[in-house]
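Peer 1: Take a look at protein-v3.csv, CSV, C-alpha atoms and all ligand atoms:
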chain,number,residue,atom,x,y,z
A,1,MET,CA,-26.8,3.7,-12.9
A,2,SER,CA,-28.1,7.2,-13.7
A,3,SER,CA,-31.7,7.9,-13.0
A,4,THR,CA,-34.5,7.6,-15.5
A,5,ILE,CA,-35.2,10.5,-17.8
A,6,ASP,CA,-38.8,11.0,-18.6
A,7,VAL,CA,-39.3,12.3,-22.1
A,8,SER,CA,-42.5,14.4,-22.3
A,9,GLY,CA,-44.4,11.8,-20.3
A,10,ARG,CA,-44.4,9.5,-23.3
A,11,LEU,CA,-41.5,7.3,-22.6
A,12,ALA,CA,-38.6,6.8,-20.1
A,13,VAL,CA,-34.9,6.5,-20.8
A,14,ARG,CA,-32.7,4.8,-18.3
A,15,PRO,CA,-29.0,4.5,-19.1
A,16,LEU,CA,-27.6,1.0,-18.8
A,17,THR,CA,-23.9,2.0,-18.4
A,18,PRO,CA,-22.2,5.4,-18.0
A,19,LYS,CA,-21.3,5.4,-21.8
A,20,LEU,CA,-23.4,3.0,-23.8
A,21,GLY,CA,-26.9,1.7,-23.9
A,22,ALA,CA,-30.3,2.8,-22.5
A,23,GLU,CA,-33.5,1.1,-21.6
A,24,ILE,CA,-36.6,2.6,-23.1
A,25,SER,CA,-39.8,1.9,-21.2
A,26,GLY,CA,-43.4,3.1,-21.6
A,27,VAL,CA,-43.7,2.2,-25.3
A,28,THR,CA,-45.9,-0.7,-26.5
A,29,LEU,CA,-44.3,-1.4,-29.8
A,30,ALA,CA,-47.1,-3.7,-31.0
A,31,ASP,CA,-49.5,-0.7,-30.9
A,32,GLY,CA,-47.3,1.2,-33.4
A,33,VAL,CA,-45.1,4.1,-32.5
A,34,PRO,CA,-46.4,7.7,-33.1
A,35,ASP,CA,-44.0,10.0,-34.9
A,36,ASP,CA,-43.3,12.2,-31.9
A,37,VAL,CA,-42.5,9.2,-29.7
A,38,PHE,CA,-40.3,7.8,-32.5
A,39,ARG,CA,-38.4,11.1,-32.7
A,40,ALA,CA,-37.5,10.7,-29.0
A,41,ILE,CA,-36.5,7.1,-29.5
A,42,TYR,CA,-34.3,8.1,-32.4
A,43,ALA,CA,-32.6,10.8,-30.4
A,44,ALA,CA,-31.9,8.2,-27.7
A,45,PHE,CA,-30.6,5.8,-30.4
A,46,LEU,CA,-28.1,8.5,-31.5
A,47,ARG,CA,-27.1,9.4,-28.0
A,48,TYR,CA,-26.8,5.9,-26.4
A,49,GLN,CA,-26.1,3.7,-29.5
A,50,VAL,CA,-27.9,0.7,-28.0
A,51,LEU,CA,-31.5,0.6,-26.9
A,52,LEU,CA,-33.3,-2.1,-24.9
A,53,PHE,CA,-37.1,-2.4,-24.8
A,54,PRO,CA,-38.4,-4.5,-21.9
A,55,PRO,CA,-40.3,-7.8,-22.5
A,56,GLN,CA,-43.4,-7.4,-24.7
A,57,ASP,CA,-45.3,-9.3,-27.4
A,58,LEU,CA,-44.1,-8.1,-30.8
A,59,PRO,CA,-45.6,-9.8,-33.9
A,60,PRO,CA,-43.2,-10.1,-36.9
A,61,ALA,CA,-45.1,-7.6,-39.0
A,62,ARG,CA,-44.9,-5.0,-36.1
A,63,GLN,CA,-41.2,-5.5,-35.8
A,64,VAL,CA,-40.8,-4.8,-39.6
A,65,ALA,CA,-43.1,-1.7,-39.2
A,66,PHE,CA,-40.9,-0.4,-36.4
A,67,GLY,CA,-37.8,-1.1,-38.5
A,68,ARG,CA,-39.3,0.9,-41.4
A,69,GLN,CA,-39.5,4.0,-39.1
A,70,PHE,CA,-35.7,3.9,-39.0
A,71,GLY,CA,-35.3,3.6,-42.8
A,72,GLU,CA,-35.2,1.1,-45.6
A,73,VAL,CA,-35.3,-2.5,-44.3
A,74,GLN,CA,-32.8,-4.9,-45.8
A,75,VAL,CA,-33.8,-8.2,-47.4
A,76,HIS,CA,-30.8,-10.5,-46.5
A,77,VAL,CA,-29.0,-12.3,-49.3
A,78,MET,CA,-29.0,-15.5,-47.2
A,79,SER,CA,-32.6,-16.4,-48.0
A,80,GLN,CA,-32.6,-19.6,-46.1
A,81,TYR,CA,-33.0,-17.5,-42.9
A,82,HIS,CA,-36.1,-15.6,-43.9
A,83,ALA,CA,-38.7,-15.9,-41.2
A,84,ASP,CA,-42.5,-16.5,-41.3
A,85,GLY,CA,-43.0,-15.2,-44.8
A,86,HIS,CA,-41.3,-11.9,-43.8
A,87,PRO,CA,-38.2,-11.6,-46.0
A,88,GLU,CA,-37.3,-8.5,-44.0
A,89,LEU,CA,-36.7,-10.7,-40.9
A,90,TYR,CA,-33.8,-13.1,-40.5
A,91,ARG,CA,-34.4,-15.8,-38.0
A,92,LEU,CA,-31.7,-17.5,-36.0
A,93,SER,CA,-32.9,-20.7,-34.3
A,94,ASN,CA,-31.3,-23.9,-33.1
A,95,LEU,CA,-34.7,-25.8,-32.9
A,96,ASP,CA,-36.2,-28.4,-35.2
A,97,ALA,CA,-39.8,-28.5,-36.4
A,98,ASN,CA,-40.8,-30.0,-33.0
A,99,GLY,CA,-39.1,-27.2,-31.0
A,100,ASN,CA,-36.2,-29.4,-29.8
A,101,PRO,CA,-32.6,-28.3,-29.8
A,102,THR,CA,-30.8,-29.6,-32.9
A,103,GLY,CA,-27.2,-29.3,-31.5
A,104,HIS,CA,-26.4,-27.0,-34.5
A,105,HIS,CA,-25.5,-23.4,-33.9
A,106,PRO,CA,-27.3,-21.4,-36.6
A,107,ASP,CA,-24.7,-18.7,-37.2
A,108,ARG,CA,-21.2,-19.1,-35.7
A,109,GLY,CA,-20.2,-15.9,-37.5
A,110,THR,CA,-22.1,-13.9,-34.8
A,111,LEU,CA,-19.6,-15.0,-32.2
A,112,ALA,CA,-16.9,-12.7,-33.4
A,113,TRP,CA,-17.0,-8.9,-33.0
A,114,HIS,CA,-18.6,-7.4,-36.1
A,115,THR,CA,-20.9,-4.8,-37.5
A,116,ASP,CA,-23.9,-5.8,-39.5
A,117,GLY,CA,-23.9,-5.3,-43.2
A,118,SER,CA,-20.3,-3.9,-43.5
A,119,TRP,CA,-19.9,-6.3,-46.4
A,120,GLN,CA,-22.2,-4.2,-48.5
A,121,ARG,CA,-21.6,-0.8,-50.2
A,122,VAL,CA,-24.6,0.6,-48.3
A,123,THR,CA,-24.0,-0.7,-44.8
A,124,GLY,CA,-26.3,-1.4,-41.9
A,125,GLN,CA,-27.8,1.5,-39.9
A,126,ALA,CA,-30.0,-0.1,-37.1
A,127,THR,CA,-30.3,-3.8,-36.2
A,128,ILE,CA,-33.5,-4.7,-34.4
A,129,ILE,CA,-33.5,-8.1,-32.7
A,130,TYR,CA,-36.4,-9.6,-30.8
A,131,GLY,CA,-35.8,-12.5,-28.5
A,132,GLU,CA,-38.6,-15.1,-28.9
A,133,ILE,CA,-36.8,-17.8,-26.9
A,134,VAL,CA,-33.6,-17.2,-25.1
A,135,PRO,CA,-31.2,-19.7,-23.4
A,136,GLU,CA,-30.8,-19.9,-19.7
A,137,ILE,CA,-27.0,-20.0,-20.1
A,138,GLY,CA,-25.0,-18.1,-22.7
A,139,GLY,CA,-26.3,-16.5,-25.9
A,140,GLU,CA,-25.7,-13.0,-24.6
A,141,THR,CA,-25.2,-10.1,-26.9
A,142,HIS,CA,-22.2,-7.8,-26.2
A,143,PHE,CA,-21.6,-4.3,-27.6
A,144,CYS,CA,-18.6,-2.0,-27.8
A,145,ASP,CA,-18.5,1.7,-28.5
A,146,MET,CA,-16.5,2.5,-31.6
A,147,TYR,CA,-16.4,6.2,-31.0
A,148,GLY,CA,-14.6,5.5,-27.8
A,149,ALA,CA,-12.4,3.0,-29.5
A,150,TYR,CA,-11.2,5.6,-32.0
A,151,GLU,CA,-10.8,8.3,-29.4
A,152,ARG,CA,-8.6,6.1,-27.2
A,153,LEU,CA,-6.1,5.3,-30.0
A,154,ASP,CA,-2.9,7.3,-29.5
A,155,ALA,CA,-1.7,9.9,-32.0
A,156,SER,CA,0.6,7.5,-33.7
A,157,TRP,CA,-2.1,4.9,-34.3
A,158,LYS,CA,-4.5,7.6,-35.6
A,159,ALA,CA,-1.8,8.8,-38.0
A,160,ARG,CA,-1.0,5.2,-39.1
A,161,ILE,CA,-4.6,4.4,-40.1
A,162,ALA,CA,-5.7,7.8,-41.4
A,163,GLY,CA,-7.0,7.3,-45.0
A,164,LEU,CA,-6.7,3.5,-44.9
A,165,ARG,CA,-9.5,1.4,-46.4
A,166,ALA,CA,-10.4,-2.2,-45.5
A,167,VAL,CA,-12.1,-4.7,-47.8
A,168,HIS,CA,-15.1,-6.3,-46.2
A,169,ASN,CA,-16.2,-9.7,-47.5
A,170,LEU,CA,-19.1,-11.8,-46.3
A,171,ASP,CA,-17.6,-14.9,-48.0
A,172,PHE,CA,-14.4,-14.4,-46.0
A,173,SER,CA,-16.1,-14.0,-42.6
A,174,ARG,CA,-18.8,-16.6,-43.2
A,175,THR,CA,-17.4,-19.3,-45.4
A,176,ARG,CA,-13.6,-19.2,-44.9
A,177,ARG,CA,-13.4,-18.3,-41.2
A,178,HIS,CA,-16.3,-20.4,-39.9
A,179,GLY,CA,-17.0,-22.9,-42.7
A,180,GLU,CA,-20.6,-23.7,-41.8
A,181,ASP,CA,-23.5,-23.0,-44.2
A,182,PRO,CA,-21.2,-21.6,-46.8
A,183,MET,CA,-22.5,-19.1,-49.3
A,184,THR,CA,-23.7,-20.4,-52.7
A,185,GLU,CA,-21.9,-19.2,-55.8
A,186,GLU,CA,-25.0,-17.1,-56.6
A,187,GLN,CA,-25.0,-15.5,-53.2
A,188,LYS,CA,-21.3,-14.7,-53.6
A,189,ARG,CA,-21.9,-13.1,-57.0
A,190,ALA,CA,-24.7,-11.0,-55.5
A,191,LYS,CA,-22.4,-9.7,-52.7
A,192,PRO,CA,-18.8,-9.1,-54.0
A,193,PRO,CA,-16.3,-7.6,-51.5
A,194,VAL,CA,-16.4,-3.9,-50.9
A,195,ASP,CA,-14.0,-1.4,-49.4
A,196,HIS,CA,-14.8,1.1,-46.6
A,197,PRO,CA,-12.7,3.6,-44.6
A,198,ILE,CA,-11.3,2.2,-41.4
A,199,VAL,CA,-12.2,5.5,-39.7
A,200,ARG,CA,-15.6,6.7,-40.7
A,201,THR,CA,-17.6,9.8,-39.7
A,202,HIS,CA,-21.0,9.1,-38.3
A,203,PRO,CA,-23.4,10.8,-40.8
A,204,GLU,CA,-25.7,12.1,-38.1
A,205,THR,CA,-23.6,12.8,-35.1
A,206,GLY,CA,-20.5,13.9,-37.1
A,207,ARG,CA,-18.2,12.0,-34.7
A,208,LYS,CA,-15.4,9.8,-35.9
A,209,CYS,CA,-15.4,6.1,-35.1
A,210,LEU,CA,-13.4,2.9,-36.0
A,211,TYR,CA,-15.2,0.8,-38.6
A,212,LEU,CA,-13.8,-2.7,-38.8
A,213,GLY,CA,-15.0,-6.0,-37.3
A,214,ASP,CA,-14.8,-9.6,-38.5
A,215,HIS,CA,-16.1,-9.0,-42.0
A,216,ALA,CA,-13.0,-6.9,-42.7
A,217,GLU,CA,-10.5,-9.1,-44.6
A,218,TYR,CA,-7.6,-7.0,-45.8
A,219,ILE,CA,-6.3,-3.4,-46.3
A,220,LEU,CA,-6.3,-1.9,-49.8
A,221,GLY,CA,-2.7,-1.2,-51.0
A,222,MET,CA,-1.1,-3.3,-48.2
A,223,PRO,CA,0.3,-6.8,-48.4
A,224,TYR,CA,-2.5,-9.2,-47.5
A,225,ASP,CA,-0.8,-10.7,-44.4
A,226,GLU,CA,0.2,-7.3,-43.1
A,227,GLY,CA,-3.4,-6.1,-43.5
A,228,ARG,CA,-4.7,-9.1,-41.6
A,229,VAL,CA,-2.4,-8.4,-38.7
A,230,LEU,CA,-3.4,-4.7,-38.6
A,231,ILE,CA,-7.2,-5.6,-38.7
A,232,GLU,CA,-6.9,-8.2,-35.9
A,233,GLU,CA,-4.8,-5.7,-33.8
A,234,LEU,CA,-7.4,-2.9,-34.2
A,235,ASN,CA,-10.4,-5.2,-33.6
A,236,ALA,CA,-8.8,-6.2,-30.3
A,237,LEU,CA,-7.8,-2.6,-29.4
A,238,ALA,CA,-11.3,-1.5,-30.0
A,239,VAL,CA,-12.8,-3.3,-27.0
A,240,HIS,CA,-12.6,-1.6,-23.6
A,241,SER,CA,-14.4,-3.0,-20.6
A,242,ASP,CA,-15.7,0.4,-19.6
A,243,LEU,CA,-17.0,1.1,-23.1
A,244,THR,CA,-18.9,-2.2,-23.4
A,245,TYR,CA,-22.4,-3.3,-22.6
A,246,GLU,CA,-23.1,-7.0,-22.1
A,247,HIS,CA,-26.7,-8.0,-22.4
A,248,ARG,CA,-28.2,-11.1,-20.9
A,249,TRP,CA,-31.5,-11.7,-22.6
A,250,LYS,CA,-35.0,-12.1,-21.2
A,251,ALA,CA,-37.6,-13.5,-23.6
A,252,GLY,CA,-39.7,-10.9,-25.3
A,253,GLU,CA,-37.0,-8.2,-25.1
A,254,LEU,CA,-36.0,-6.1,-28.1
A,255,LEU,CA,-32.6,-4.7,-28.7
A,256,VAL,CA,-31.8,-1.9,-31.3
A,257,TRP,CA,-28.3,-0.8,-32.1
A,258,ASP,CA,-26.5,1.6,-34.4
A,259,ASN,CA,-24.1,-0.4,-36.5
A,260,ARG,CA,-22.3,2.7,-37.6
A,261,CYS,CA,-20.7,3.2,-34.2
A,262,VAL,CA,-20.9,-0.1,-32.3
A,263,MET,CA,-19.5,-3.6,-32.8
A,264,HIS,CA,-21.4,-6.5,-31.4
A,265,ARG,CA,-21.0,-10.2,-30.9
A,266,ALA,CA,-23.1,-13.1,-29.4
A,267,THR,CA,-21.6,-15.3,-26.8
A,268,ALA,CA,-21.7,-19.1,-27.2
A,269,TYR,CA,-24.4,-21.4,-25.8
A,270,ASP,CA,-24.9,-25.1,-25.9
A,271,PRO,CA,-27.1,-25.7,-29.0
A,272,ALA,CA,-27.7,-29.3,-27.9
A,273,THR,CA,-29.3,-28.4,-24.6
A,274,GLN,CA,-30.3,-24.7,-24.7
A,275,ARG,CA,-33.0,-23.2,-26.9
A,276,ARG,CA,-32.5,-19.9,-28.7
A,277,VAL,CA,-34.7,-18.2,-31.3
A,278,VAL,CA,-34.3,-14.6,-32.2
A,279,ARG,CA,-35.5,-12.6,-35.2
A,280,ARG,CA,-33.5,-9.8,-36.7
A,281,CYS,CA,-34.4,-6.9,-38.9
A,282,THR,CA,-31.6,-4.8,-40.4
A,283,VAL,CA,-32.1,-1.2,-41.6
A,284,LEU,CA,-29.9,0.0,-44.4
A,285,GLY,CA,-27.8,3.1,-43.8
A,286,GLU,CA,-25.5,4.8,-46.2
A,287,VAL,CA,-22.1,4.4,-47.9
A,288,PRO,CA,-19.5,5.1,-45.2
A,289,VAL,CA,-17.3,8.1,-45.5
A,301,FE,FE,-24.6,-9.2,-36.2
Could you write out this file's structure as structure tokens?
Peer 2:
Amino acid sequence: MSSTIDVSGRLAVRPLTPKLGAEISGVTLADGVPDDVFRAIYAAFLRYQVLLFPPQDLPPARQVAFGRQFGEVQVHVMSQYHADGHPELYRLSNLDANGNPTGHHPDRGTLAWHTDGSWQRVTGQATIIYGEIVPEIGGETHFCDMYGAYERLDASWKARIAGLRAVHNLDFSRTRRHGEDPMTEEQKRAKPPVDHPIVRTHPETGRKCLYLGDHAEYILGMPYDEGRVLIEELNALAVHSDLTYEHRWKAGELLVWDNRCVMHRATAYDPATQRRVVRRCTVLGEVPV
């Protein structure tokens, strides 16, 4: 891969693929990130869409502090996942109180391509995940570039979807598609379905990208089944092997990605024999346009 770029001697940026992803080294996140270093990190975030920080100790409070440098940190509606007294962190773990695998996958919804927080009016900007314990087999995180996904649609596809809006619904993706840990009635009331454009313009880069994923249920103004077919077709068309980064975790790594222009998914692992504990912080972005 391309050689490392040194940024003012403060950090180094090494692209992970020709299009998507970069490793950021030279930053000890637990010490706090000075503003000038954060500006360089943020520029890399906009350029590479996915950032990887090499293994390091990162206490929960420091992860939240780093998240706050990106913007307002979300407190997730699914309160059963809140971690360590930090409601800003969402912990996914398959371990019991003794640290043994339970055999239960904590969130099967993560196995489908999606973008975090698309089920809210104000959607997710950055997601920041720290790998406390990672499995030896499986449990990878994959990313695909949604700028590239839009650019590669042919003119007839672009014309067909121009102006369309999809309704995103956490109850659909979580309760009806996967059926585990369904949302309570109170959680459903707190997060009703919302509609967003299928093609959004990134508010900072000004580039167009596809905006769908597994939370998208149907298309406004289109028969339900027809909309479902269109969404599934576009979700599949969005993934190109040369526009994808597949990350195999090492413990202590941190990944940051831009939900406005990538989709991601986790790969399966055996929750009866493997151990996986990750903590996630999601930064709120804006209403997509
Ligand atoms: Fe996610």
Peer 1: Skipping near chain neighbours, those fewer than 5 positions away, what residues fall within 12 Å of region 34-48 of chain A using only C-alpha atoms, listed as a PDB file with C-alpha atoms, keeping the file's coordinate frame?
Peer 2:
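Saved the output as part_15.pdb:
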ATOM      1  CA  ILE A   5     -35.200  10.500 -17.800  1.00  0.00           C
ATOM      2  CA  ASP A   6     -38.800  11.000 -18.600  1.00  0.00           C
ATOM      3  CA  VAL A   7     -39.300  12.300 -22.100  1.00  0.00           C
ATOM      4  CA  SER A   8     -42.500  14.400 -22.300  1.00  0.00           C
ATOM      5  CA  GLY A   9     -44.400  11.800 -20.300  1.00  0.00           C
ATOM      6  CA  ARG A  10     -44.400   9.500 -23.300  1.00  0.00           C
ATOM      7  CA  LEU A  11     -41.500   7.300 -22.600  1.00  0.00           C
ATOM      8  CA  ALA A  12     -38.600   6.800 -20.100  1.00  0.00           C
ATOM      9  CA  VAL A  13     -34.900   6.500 -20.800  1.00  0.00           C
ATOM     10  CA  ARG A  14     -32.700   4.800 -18.300  1.00  0.00           C
ATOM     11  CA  PRO A  15     -29.000   4.500 -19.100  1.00  0.00           C
ATOM     12  CA  LEU A  16     -27.600   1.000 -18.800  1.00  0.00           C
ATOM     13  CA  THR A  17     -23.900   2.000 -18.400  1.00  0.00           C
ATOM     14  CA  PRO A  18     -22.200   5.400 -18.000  1.00  0.00           C
ATOM     15  CA  LYS A  19     -21.300   5.400 -21.800  1.00  0.00           C
ATOM     16  CA  LEU A  20     -23.400   3.000 -23.800  1.00  0.00           C
ATOM     17  CA  GLY A  21     -26.900   1.700 -23.900  1.00  0.00           C
ATOM     18  CA  ALA A  22     -30.300   2.800 -22.500  1.00  0.00           C
ATOM     19  CA  GLU A  23     -33.500   1.100 -21.600  1.00  0.00           C
ATOM     20  CA  ILE A  24     -36.600   2.600 -23.100  1.00  0.00           C
ATOM     21  CA  SER A  25     -39.800   1.900 -21.200  1.00  0.00           C
ATOM     22  CA  GLY A  26     -43.400   3.100 -21.600  1.00  0.00           C
ATOM     23  CA  VAL A  27     -43.700   2.200 -25.300  1.00  0.00           C
ATOM     24  CA  THR A  28     -45.900  -0.700 -26.500  1.00  0.00           C
ATOM     25  CA  LEU A  29     -44.300  -1.400 -29.800  1.00  0.00           C
ATOM     26  CA  PHE A  53     -37.100  -2.400 -24.800  1.00  0.00           C
ATOM     27  CA  ALA A  65     -43.100  -1.700 -39.200  1.00  0.00           C
ATOM     28  CA  PHE A  66     -40.900  -0.400 -36.400  1.00  0.00           C
ATOM     29  CA  GLY A  67     -37.800  -1.100 -38.500  1.00  0.00           C
ATOM     30  CA  ARG A  68     -39.300   0.900 -41.400  1.00  0.00           C
ATOM     31  CA  GLN A  69     -39.500   4.000 -39.100  1.00  0.00           C
ATOM     32  CA  PHE A  70     -35.700   3.900 -39.000  1.00  0.00           C
ATOM     33  CA  GLY A  71     -35.300   3.600 -42.800  1.00  0.00           C
ATOM     34  CA  GLN A 125     -27.800   1.500 -39.900  1.00  0.00           C
ATOM     35  CA  ALA A 126     -30.000  -0.100 -37.100  1.00  0.00           C
ATOM     36  CA  THR A 127     -30.300  -3.800 -36.200  1.00  0.00           C
ATOM     37  CA  ILE A 128     -33.500  -4.700 -34.400  1.00  0.00           C
ATOM     38  CA  PHE A 143     -21.600  -4.300 -27.600  1.00  0.00           C
ATOM     39  CA  CYS A 144     -18.600  -2.000 -27.800  1.00  0.00           C
ATOM     40  CA  ASP A 145     -18.500   1.700 -28.500  1.00  0.00           C
ATOM     41  CA  TYR A 147     -16.400   6.200 -31.000  1.00  0.00           C
ATOM     42  CA  HIS A 202     -21.000   9.100 -38.300  1.00  0.00           C
ATOM     43  CA  PRO A 203     -23.400  10.800 -40.800  1.00  0.00           C
ATOM     44  CA  GLU A 204     -25.700  12.100 -38.100  1.00  0.00           C
ATOM     45  CA  THR A 205     -23.600  12.800 -35.100  1.00  0.00           C
ATOM     46  CA  GLY A 206     -20.500  13.900 -37.100  1.00  0.00           C
ATOM     47  CA  ARG A 207     -18.200  12.000 -34.700  1.00  0.00           C
ATOM     48  CA  LEU A 243     -17.000   1.100 -23.100  1.00  0.00           C
ATOM     49  CA  THR A 244     -18.900  -2.200 -23.400  1.00  0.00           C
ATOM     50  CA  TYR A 245     -22.400  -3.300 -22.600  1.00  0.00           C
ATOM     51  CA  LEU A 255     -32.600  -4.700 -28.700  1.00  0.00           C
ATOM     52  CA  VAL A 256     -31.800  -1.900 -31.300  1.00  0.00           C
ATOM     53  CA  TRP A 257     -28.300  -0.800 -32.100  1.00  0.00           C
ATOM     54  CA  ASP A 258     -26.500   1.600 -34.400  1.00  0.00           C
ATOM     55  CA  ASN A 259     -24.100  -0.400 -36.500  1.00  0.00           C
ATOM     56  CA  ARG A 260     -22.300   2.700 -37.600  1.00  0.00           C
ATOM     57  CA  CYS A 261     -20.700   3.200 -34.200  1.00  0.00           C
ATOM     58  CA  VAL A 262     -20.900  -0.100 -32.300  1.00  0.00           C
TER      59      VAL A 262
END
Peer 1: Counting only C-alpha atoms and all ligand atoms, what are the residues, protein, DNA or RNA alike, that approach ligand FE 301 (chain A) to within 9 Å? I want them as a list in words.
Peer 2: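 Those residues are Gly109, Thr110, Leu111, Ala112, Trp113, His114, Thr115, Asp116, Gly117, Thr127, Asn259, Met263, His264, Arg265, Ala266 and Arg280 of chain A.
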Peer 1: Counting all atoms listed in the file, figure out which residue out of A:Leu170, A:Met183, A:Val287, A:Ala251 gets nearest to Val134 (chain A).
Peer 2: A:Ala251
Peer 1: Please, what distance in Å, to one decimal, runs between CA of His168 (chain A) and CA of Gly213 (chain A)?
Peer 2: 8.9 Å
Peer 1: Which of these, A:Leu153, A:Val64, A:Leu254, A:Ala162, has the shortest distance to Val278 (chain A) once you count only C-alpha atoms?
Peer 2: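 Of the candidates, the smallest distance to Val278 (chain A) is held by A:Leu254.
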Peer 1: For CA of Asn169 (chain A) and CA of Pro271 (chain A), quote the distance in Å rounded to one decimal.
Peer 2: 26.8 Å
